[in-house]
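Colleague: Have a look at the structure that comes next, please.
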Amino acid sequence: MRVLNIFHALLITNVRTVRSKDRTVGYIIARPRLQLLLPLFTILTLAFLNPWVTGHKQCTNCVNWFTIVSRLLATLIVALLLVFDNFRQRHKVLALLQTIPSAGSVGGTRSSERYTVKRLQLSMLLLCNLLSLVELLYNVYRTHVYLYIWGVFTGVIIEYYILLNSLLCQTLAETIANTYDTLQRALPVRPFSSVIDEMVVLGRCKDQLSDAIGLKLLLVMMHLLFNISFCAYDILQKIVSQAHMHNIARLTIIALQETVVLFGLCFYYSLLTLKEAELKDALKSMQYRQLQKQTRDQKDFYDLVNLKLMMASPKITACGLFEINLQIFYNVRHSHNRQCTVSAFKKSFFSLSLDRCLPPS
């Protein structure tokens, strides 16, 4: 969890890592008041100085202005709630990090699949930043409205505060998944009872994770789903109506960025469930190794463990409303397909009705 200090420096979390004299890694709460007041002051200042919130004269007669303001205000509300949640849940996050076994903080095994997803996220975020800069310079050159620079800058700062919170939630899930993976690989060389004890601790960590960042997950998921749905629908409407086509570039950048972050978040929480299931399967298979050398007490112990493993494991949810996994991402994709189909049907039906109302030429 060395990356935790980066999140602390960026004012995303109140907890950071420390090293004692014997080189062991610990966690402490550092500067909680500063971590609350500085992001709060920055977000409020940027929000009230944003030209789209203060009512830029060139945009007040635009329908597009109202959609921009509504999305910006929703982003602002989510960011403010995240600031207060980070301060309120700091002790629970600290307790969670102290409960996670040390194997997870080392980084676990480097699966090519998960590192491909991480590289995809970083590459797409870098690409979106470059495209956003190009789009910003092009719009300023075309319109000579220099307040557009400040509007985009303030929106990006608030947006990235939310995206970094989602990456923190993703990192916590990855850490616990790494611990499950490391524990599974150490199963042949470690005592069976110690593996069971550590697995019980990891089950407790999943409960703590859901309790500590449940509201954060709910806010982040609401923001990502709202932005993706809004941008996809708005892009489709602009293409159909052929109006305000110059705004499609920024909407596409936002939709692409939010989709990549949403996929990474769902992927790592699904990975956590997968690694837990793989460890359970590995533990169940231990019962059938060296059957002839097992004593009666060992067989009874294995039966008791298998009975315990058959019980439902705790699920990580967003305030108990829904489970965080890849199914959310698939549902968003299918809902977009249905939305495009419905919009195309409405357009065809409207055209057909209009043709019937018009007199023949």
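The way I read the labels, and the way they are meant: chains A, B, ... in the order of the structure tokens, residue 1 as the first residue of every chain, and ligand 1 as the first ligand shown, with later ones counted on from there.
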Would you mind listing what lies within 8 Å of segment 252-265 of chain A as a PyMOL selection string, with only C-alpha atoms counted and same-chain residues fewer than 5 positions away left out?
Modeller: chain A and resi 117-118+120-121+124-125+128+131-132+163+166-167+169-170+221+224+227-228+231-232+235+326+329
Colleague: Determine, counting only C-alpha atoms, which protein, DNA and RNA residues have an atom within 9 Å of an atom of Thr171 of chain A; residues of the same chain fewer than 6 positions away are not included. Present the result as an MDAnalysis selection string.
Modeller: chainID A and resid 1 3:4 265 268
Colleague: So that I have them on file, write out the residues from the current selection with N, CA, C and O atoms, as a JSON list (two decimals), in the first residue's frame.
Modeller:
```json
[["chain", "number", "residue", "atom", "x", "y", "z"],
["A", 1, "MET", "N", 0.82, -1.21, 0.00],
["A", 1, "MET", "CA", 0.00, 0.00, 0.00],
["A", 1, "MET", "C", 0.86, 1.26, 0.00],
["A", 1, "MET", "O", 0.50, 2.28, 0.60],
["A", 3, "VAL", "N", 1.25, 3.12, -2.42],
["A", 3, "VAL", "CA", 0.51, 4.11, -3.20],
["A", 3, "VAL", "C", -0.43, 4.91, -2.31],
["A", 3, "VAL", "O", -0.91, 5.98, -2.71],
["A", 4, "LEU", "N", -0.66, 4.43, -1.08],
["A", 4, "LEU", "CA", -1.54, 5.15, -0.16],
["A", 4, "LEU", "C", -1.00, 6.54, 0.15],
["A", 4, "LEU", "O", -1.78, 7.50, 0.31],
["A", 265, "LEU", "N", -12.93, -0.29, -12.12],
["A", 265, "LEU", "CA", -13.51, -0.45, -10.78],
["A", 265, "LEU", "C", -14.28, -1.77, -10.68],
["A", 265, "LEU", "O", -14.10, -2.55, -9.73],
["A", 268, "TYR", "N", -11.86, -5.01, -10.84],
["A", 268, "TYR", "CA", -11.08, -5.39, -9.65],
["A", 268, "TYR", "C", -11.98, -5.91, -8.53],
["A", 268, "TYR", "O", -11.54, -6.75, -7.74]]
```
Colleague: At a cut-off of 8 Å, using only C-alpha atoms, what residues contact Asn86 of chain A? Leave out same-chain residues fewer than 3 positions from it and give the result as JSON, numbers by chain.
Modeller: {"A": [12, 13, 14, 36, 82, 83, 89, 90]}
Colleague: Quote the spacing between atom CA of Pro39 of chain A and atom CA of Tyr269 of chain A in Å to one decimal place.
Modeller: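 Atom-to-atom, atom CA of Pro39 of chain A and atom CA of Tyr269 of chain A are spaced 27.2 Å apart.
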